[in-house]
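This report refers to the structure that appears directly beneath it.
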Amino acid sequence: METLNYRFANGSRRIKPAPELVGVVSSGNLEVLIEDAPGSGACAIEIKTAARGFGAIWEAVMQDFFQRWQLADTRISINDMGATPAVVSLRLDQAVAAMTEGGQ
Amino acid sequence: MSTSYLEASARERILAVLDAGSFSELLPPAQRVVSPHLGQLDAPVSFDDGVIIGEGRLGGKAVMAAAQEGGFMGGAVGEVHGAKLVGLLQRAIRKQAAGVILLLETGGVRLHEANAGLIAVSEVMRAVLEARAAGIPVIVLVGGANGCFGGMGIVARCANTVIMSEEGRLAMSGPEVIETANGVEEFDSRDRALVWRTTGGKHRYLIGDCQTLVNDDTDAFRTAAIAALAQSGPTALSLAALEAEQDMLRRRIADFGQADDPMEIWAALGIVKPQAVPMLEAETFTAMTERHRIQGTA
Amino acid sequence: MQTAVNATQERQVDWRALAQQLFPQGHDITEQDHFLSGTARVDGATVAVVGTTGHTPIGIEIALAQAASILTTVREHPGRAIVILVDTQGQRLRHRDEMLGINSYMAHLGKCVELARRSGHRVVGLVYDQALSGGFITSGLIADACYALPDATIRVMGLPAMARITKVPEERLTELARSNPVFAPGPENYLRMGGVADIWTGDLAHALREALAEDRSADRRAIAGLERGGRKLAQRVIAAVAHDVPLS
């Protein structure tokens with residue numbers, strides 16, 4: 001397993017207080033836990049992945065994700081079992097959708 | 001609009017089966033109660049260790065409910081996963097819940113946690129029987145792709161009611177394990193039709209191991225669970241009920257022990273066109289087989 | 001413990017020698033097709049004995065036979081304790097057993113043991129030789145308490161098969177099995193994890209007498225696992241869910 005951490009500052013979109021979970025840790029899939037982290041200022045993402053050596057790809061996907069949503073005061077935790085970048089992006093977007101459904 | 005139970009995730013199933021908006025999760029993923037053992041095997045963890053547990057309402061009645069996620073480790077039971085189920089059943093007793101609804105999809109003991117998994121499944125078994133002794137009915141739903149196997153296949157038959165879809169399977173050892181141990185002639189694990197004739201919902205319904213057979217639809221499972229909960233009658237074990245079950249199981253061997261294929265059993269039960277059984281929709285199947293099937297005991 | 005060595009050089013405990021040690025006051029246990037049943041005298045009282053031998057697989061017939069013995073005891077001998085002697089290679093792996101619903105036969109046996117316990121019968125399990133996988137989950141493991149002899153083999157699965165199914169290299173599992181109670185086979189590990197209540201050495205009759213005298217109606221195995229350090233999380237999770245005890 002490999003653990004990767006990313007932190008993006010200067011976001012502006014807040015999310016609702018109650019955490020959400022999307023996805024399942026099955027082969028080629030991942031779960032994304034997204035939580036409001038008030039006062040942290042940034043969007044912090046921790047990834048635990050079964051697929052080693054893909055740091056550069058993860059970084060690119062996370063950068064894209066942050067550009068898309070500009071989340072602030074958010075903690076995202078991921079357990080990954082070899083999902084493709086497309087599936088990762090999809091789950092991340094689903095997680096954000098779940099957090100902003102309540103209207104924000 | 002119908003939703004496939006088979007294709008839904010555990011989270012989706014538990015929300016669909018319980019009354020809308022009533023589910024409140026215990027030890028939710030944000031608490032990160034993960035497996036303490038998977039890391040040393042370099043295997044990924046899941047924030048809920050593959051089982052969602054919580055309180056909710058079913059047909060207005062306060063229940064405890066759990067749903068195993070078949071996608072994570074095949075739904076198999078590890079230390080935390082098992083403890084969540086045991087805790088839930090004990091909580092049901094403390095709170096005098098109207099029932100415990102278990103949405104099971106599992107290969108049984110999680111081999112990655114070996115001894116801890118085996119003991120955990122045994123503890124779940126005791127906890128189910130403990131809940132029943134306290135007057136709390138335990139209702140099991142089986143309809144996921146991985147079926148309900150291993151020690152959990154035993155746990156399912158410790159419950160008061162088993163509800164299955166045709167797609168669901170309920171057994172102890174998987175066909176691959178049997179084929180590996182005793183050869184392809186013993187059990188060809190790639191013969192899907194045989195696998196489902198042997199362990200699938202319709203067969204279990206016919207021989208008396210499943211009380212209700214539903215379509216692969218979360219609404220159908222929900223309706224059946226509500227009906228099961230509404231049933232009155234003793235939930236605890238009794239000598240009379242177990243003697244009746246002993247008799248049923250003894251007769252099952254006497255009547256069907258020589259059959260090579262489950263279809264022979266269906267024919268022996270009096271079903272005129274047994275080969276048509278796999279094609280029938282749940283309601284048609286149930287109506288057609290009502291007077292032929294064995295009425296199982298709990 | 002007197003053992004026999006069969007043609008494949010596999011060690012087997014002689015159940016008769018065991019019975020002599022457990023029941024010095026006498027017994028009338030008989031064996032039929034690896035199924036043991038009968039009665040014995042312990043401390044001047046009669047106990048029922050049921051079990052298996054010869055590393056036999058547990059199939060539907062033997063599960064049902066064990067259940068029948070237990071139901072007879074409950075029906076005809078109120079208060080009589082039950083001793084379950086466990087030696088099995090696990091559940092029988094046959095299409096026929098699955099077709100006829102071996103999970104139901106196992107569940108039925110477990111329910112009968114539970115009924116006995118709730119009806120005032122002390123039930124004690126002893127793994128005296130092998131206990132593999134699902135073979136003892138509804139007998140020994142559902143008793144008031146399960147005990148083991150020091151040389152007993154208790155495990156979920158052999159390491160080669162486990163390696164195949166988990167896709168974890170066998171060398172890694174072997175390494176872990178040396179030190180980790182979760183993977184290591186053997187009664188000491190099940191003791192540490194709370195699955196086995198005690199390992200019996202020396203005077204077996206005395207150990208049995210003591211076991212039958214203990215009140216173990218509640219399932220304290222998770223608590224034992226926590227106290228002995230083999231399962232540090234189970235009891236805490238149970239308490240958190242059942243009683244809202246905060247998890248530290």
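To be explicit about the labels: the chains of the structure tokens are called A, B, and onward in the order shown, and within each one the residues are counted from 1, while ligands get numbers from 1 in the order they are shown.
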Identify all chain B residues at most 6 Å from chain C by counting only C-alpha atoms; ligands do not count. Present them as a ChimeraX atom specification. /B:79-80,83,87-88,90-91,114-116,119,153-154,157-158,171-172,178,187,198
Those of segment 63-104 of chain B in DSSP alpha helix (DSSP H), formatted as a ChimeraX atom specification: /B:79-94
Tell me, counting only C-alpha atoms, for each residue of chain A within 8 Å of chain B, which pair of atoms is nearest and how far apart they are in Å to one decimal, in rows ordered by chain and increasing number, as a tab-separated table.
```
residue	atom	partner	partner_atom	distance
A:Met1	CA	B:Asp42	CA	5.6
A:Pro19	CA	B:Ala30	CA	6.7
A:Leu21	CA	B:Pro29	CA	7.2
A:Val24	CA	B:Gly71	CA	6.5
A:Val25	CA	B:Phe72	CA	5.4
A:Ser26	CA	B:Gly71	CA	4.9
A:Ser27	CA	B:Gly71	CA	7.9
A:Glu31	CA	B:Ser46	CA	7.6
A:Leu33	CA	B:Ala30	CA	7.1
A:Glu35	CA	B:Ala30	CA	7.8
A:Lys48	CA	B:Pro44	CA	7.4
A:Thr49	CA	B:Pro44	CA	7.1
A:Ala50	CA	B:Pro44	CA	6.2
A:Asn79	CA	B:Ser46	CA	6.5
A:Asp80	CA	B:Pro44	CA	7.1
A:Met81	CA	B:Pro44	CA	6.8
```
To one decimal place, how far is atom CA of Leu206 of chain B from atom CA of Val124 of chain B in Å?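 Distance between the two atoms: 26.9 Å.
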Could you name the residues that touch Gly201 of chain B at 12 Å or less, counting only C-alpha atoms, but leaving out those on the same chain fewer than 2 positions away, as a PyMOL selection string? (chain B and resi 141-144+147-148+162-171+195-199+203-216+277-278+282+285-286) or (chain C and resi 99+101)
Let's see if you can do this: from backbone DSSP, list all strand (DSSP E) residues in segment 41-251 of chain B, as a VMD selection string. chain B and resid 51 to 58 61 to 68 99 to 104 138 to 142 161 to 165 212 to 214
Would you put the residues from that selection into a file with N, CA and C atoms, as an mmCIF file, in the first residue's frame?
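Output saved as again_14.cif:
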```cif
data_model
loop_
_atom_site.group_PDB
_atom_site.id
_atom_site.type_symbol
_atom_site.label_atom_id
_atom_site.label_comp_id
_atom_site.auth_asym_id
_atom_site.auth_seq_id
_atom_site.Cartn_x
_atom_site.Cartn_y
_atom_site.Cartn_z
ATOM 1 N N VAL B 51 -19.313 -3.411 6.314
ATOM 2 C CA VAL B 51 -20.678 -3.637 6.777
ATOM 3 C C VAL B 51 -21.245 -2.340 7.330
ATOM 4 N N ILE B 52 -22.451 -2.021 6.890
ATOM 5 C CA ILE B 52 -23.135 -0.816 7.367
ATOM 6 C C ILE B 52 -24.142 -1.250 8.411
ATOM 7 N N ILE B 53 -24.095 -0.643 9.585
ATOM 8 C CA ILE B 53 -25.062 -0.995 10.629
ATOM 9 C C ILE B 53 -25.749 0.264 11.131
ATOM 10 N N GLY B 54 -26.957 0.096 11.652
ATOM 11 C CA GLY B 54 -27.626 1.271 12.202
ATOM 12 C C GLY B 54 -29.042 0.975 12.643
ATOM 13 N N GLU B 55 -29.716 2.034 13.033
ATOM 14 C CA GLU B 55 -31.105 1.968 13.478
ATOM 15 C C GLU B 55 -31.986 2.583 12.411
ATOM 16 N N GLY B 56 -33.209 2.115 12.361
ATOM 17 C CA GLY B 56 -34.133 2.709 11.404
ATOM 18 C C GLY B 56 -35.531 2.217 11.674
ATOM 19 N N ARG B 57 -36.407 2.443 10.704
ATOM 20 C CA ARG B 57 -37.782 1.968 10.823
ATOM 21 C C ARG B 57 -38.114 1.119 9.613
ATOM 22 N N LEU B 58 -38.922 0.112 9.860
ATOM 23 C CA LEU B 58 -39.391 -0.732 8.775
ATOM 24 C C LEU B 58 -40.892 -0.873 8.936
ATOM 25 N N LYS B 61 -41.983 0.404 12.264
ATOM 26 C CA LYS B 61 -41.473 -0.201 13.503
ATOM 27 C C LYS B 61 -39.975 0.029 13.644
ATOM 28 N N ALA B 62 -39.538 0.242 14.874
ATOM 29 C CA ALA B 62 -38.119 0.516 15.135
ATOM 30 C C ALA B 62 -37.303 -0.767 15.028
ATOM 31 N N VAL B 63 -36.331 -0.781 14.143
ATOM 32 C CA VAL B 63 -35.514 -1.972 13.925
ATOM 33 C C VAL B 63 -34.041 -1.615 13.925
ATOM 34 N N MET B 64 -33.210 -2.651 14.062
ATOM 35 C CA MET B 64 -31.785 -2.521 13.787
ATOM 36 C C MET B 64 -31.560 -3.174 12.431
ATOM 37 N N ALA B 65 -30.609 -2.671 11.680
ATOM 38 C CA ALA B 65 -30.365 -3.236 10.360
ATOM 39 C C ALA B 65 -28.886 -3.216 10.025
ATOM 40 N N ALA B 66 -28.482 -4.189 9.234
ATOM 41 C CA ALA B 66 -27.103 -4.261 8.770
ATOM 42 C C ALA B 66 -27.094 -4.688 7.312
ATOM 43 N N ALA B 67 -26.135 -4.168 6.549
ATOM 44 C CA ALA B 67 -25.984 -4.591 5.159
ATOM 45 C C ALA B 67 -24.511 -4.818 4.871
ATOM 46 N N GLN B 68 -24.175 -6.022 4.414
ATOM 47 C CA GLN B 68 -22.788 -6.327 4.070
ATOM 48 C C GLN B 68 -22.495 -5.880 2.649
ATOM 49 N N GLY B 99 -37.233 -5.768 15.572
ATOM 50 C CA GLY B 99 -36.588 -6.808 14.790
ATOM 51 C C GLY B 99 -35.196 -6.400 14.354
ATOM 52 N N VAL B 100 -34.445 -7.373 13.861
ATOM 53 C CA VAL B 100 -33.130 -7.091 13.281
ATOM 54 C C VAL B 100 -33.170 -7.577 11.837
ATOM 55 N N ILE B 101 -32.838 -6.689 10.927
ATOM 56 C CA ILE B 101 -32.860 -7.018 9.501
ATOM 57 C C ILE B 101 -31.417 -7.126 9.014
ATOM 58 N N LEU B 102 -31.045 -8.291 8.524
ATOM 59 C CA LEU B 102 -29.662 -8.497 8.085
ATOM 60 C C LEU B 102 -29.625 -8.711 6.575
ATOM 61 N N LEU B 103 -29.015 -7.772 5.869
ATOM 62 C CA LEU B 103 -28.871 -7.885 4.420
ATOM 63 C C LEU B 103 -27.502 -8.529 4.181
ATOM 64 N N LEU B 104 -27.503 -9.828 3.969
ATOM 65 C CA LEU B 104 -26.249 -10.567 3.949
ATOM 66 C C LEU B 104 -25.751 -10.806 2.532
ATOM 67 N N VAL B 138 -35.229 -12.121 13.896
ATOM 68 C CA VAL B 138 -34.100 -11.810 13.026
ATOM 69 C C VAL B 138 -34.480 -12.229 11.610
ATOM 70 N N ILE B 139 -34.424 -11.278 10.714
ATOM 71 C CA ILE B 139 -34.860 -11.492 9.332
ATOM 72 C C ILE B 139 -33.671 -11.301 8.406
ATOM 73 N N VAL B 140 -33.418 -12.296 7.572
ATOM 74 C CA VAL B 140 -32.244 -12.265 6.695
ATOM 75 C C VAL B 140 -32.676 -12.098 5.248
ATOM 76 N N LEU B 141 -32.009 -11.203 4.543
ATOM 77 C CA LEU B 141 -32.258 -10.979 3.114
ATOM 78 C C LEU B 141 -31.019 -11.418 2.338
ATOM 79 N N VAL B 142 -31.225 -12.262 1.322
ATOM 80 C CA VAL B 142 -30.097 -12.724 0.516
ATOM 81 C C VAL B 142 -30.407 -12.500 -0.959
ATOM 82 N N THR B 161 -36.471 -15.784 9.668
ATOM 83 C CA THR B 161 -36.981 -15.742 8.299
ATOM 84 C C THR B 161 -35.846 -15.498 7.326
ATOM 85 N N VAL B 162 -35.881 -16.226 6.211
ATOM 86 C CA VAL B 162 -34.916 -15.983 5.141
ATOM 87 C C VAL B 162 -35.697 -15.580 3.897
ATOM 88 N N ILE B 163 -35.353 -14.431 3.357
ATOM 89 C CA ILE B 163 -35.986 -13.932 2.137
ATOM 90 C C ILE B 163 -34.915 -13.905 1.056
ATOM 91 N N MET B 164 -35.201 -14.510 -0.076
ATOM 92 C CA MET B 164 -34.202 -14.570 -1.144
ATOM 93 C C MET B 164 -34.806 -14.168 -2.481
ATOM 94 N N SER B 165 -33.936 -13.723 -3.357
ATOM 95 C CA SER B 165 -34.319 -13.589 -4.764
ATOM 96 C C SER B 165 -33.756 -14.818 -5.477
ATOM 97 N N THR B 212 -39.535 -16.876 1.754
ATOM 98 C CA THR B 212 -40.125 -16.004 0.743
ATOM 99 C C THR B 212 -39.169 -15.824 -0.421
ATOM 100 N N LEU B 213 -39.701 -15.907 -1.621
ATOM 101 C CA LEU B 213 -38.900 -15.752 -2.831
ATOM 102 C C LEU B 213 -39.416 -14.509 -3.555
ATOM 103 N N VAL B 214 -38.518 -13.545 -3.797
ATOM 104 C CA VAL B 214 -38.956 -12.290 -4.426
ATOM 105 C C VAL B 214 -38.161 -12.026 -5.695
#
```
For Pro150 of chain C, which of C:Gln130, C:Pro78, C:Ile199, C:Asp215 is the closest residue, counting only C-alpha atoms? C:Ile199
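Near Ala133 of chain B, within 9 Å and counting only C-alpha atoms, sit Val128, Leu129, Glu130, Ala131, Gly135, Ile136, Thr235, Ala236 and Leu237 of chain B; Arg118 of chain C, not including residues fewer than 2 positions from it in the same chain.
When the distance limit is 12 Å and only C-alpha atoms are what count, the residues near Phe35 of chain C, minus those fewer than 5 positions from it on the same chain, are Trp15, Ile29, Thr30, Val49, Val50, Gly51, Thr52, Thr53, Gly54, His55, Thr56, Pro57, Ile58, Gly59, Glu61, Ile62, Ala63, Leu64, Ala65, Gln66, Ala67, Ala68, Ser69, Ile84, Leu85, Val86, Asp87 and Thr88 of chain C.
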re atom CA of Ala9 of chain A and atom CA of Leu30 of chain A: distance 24.5 Å
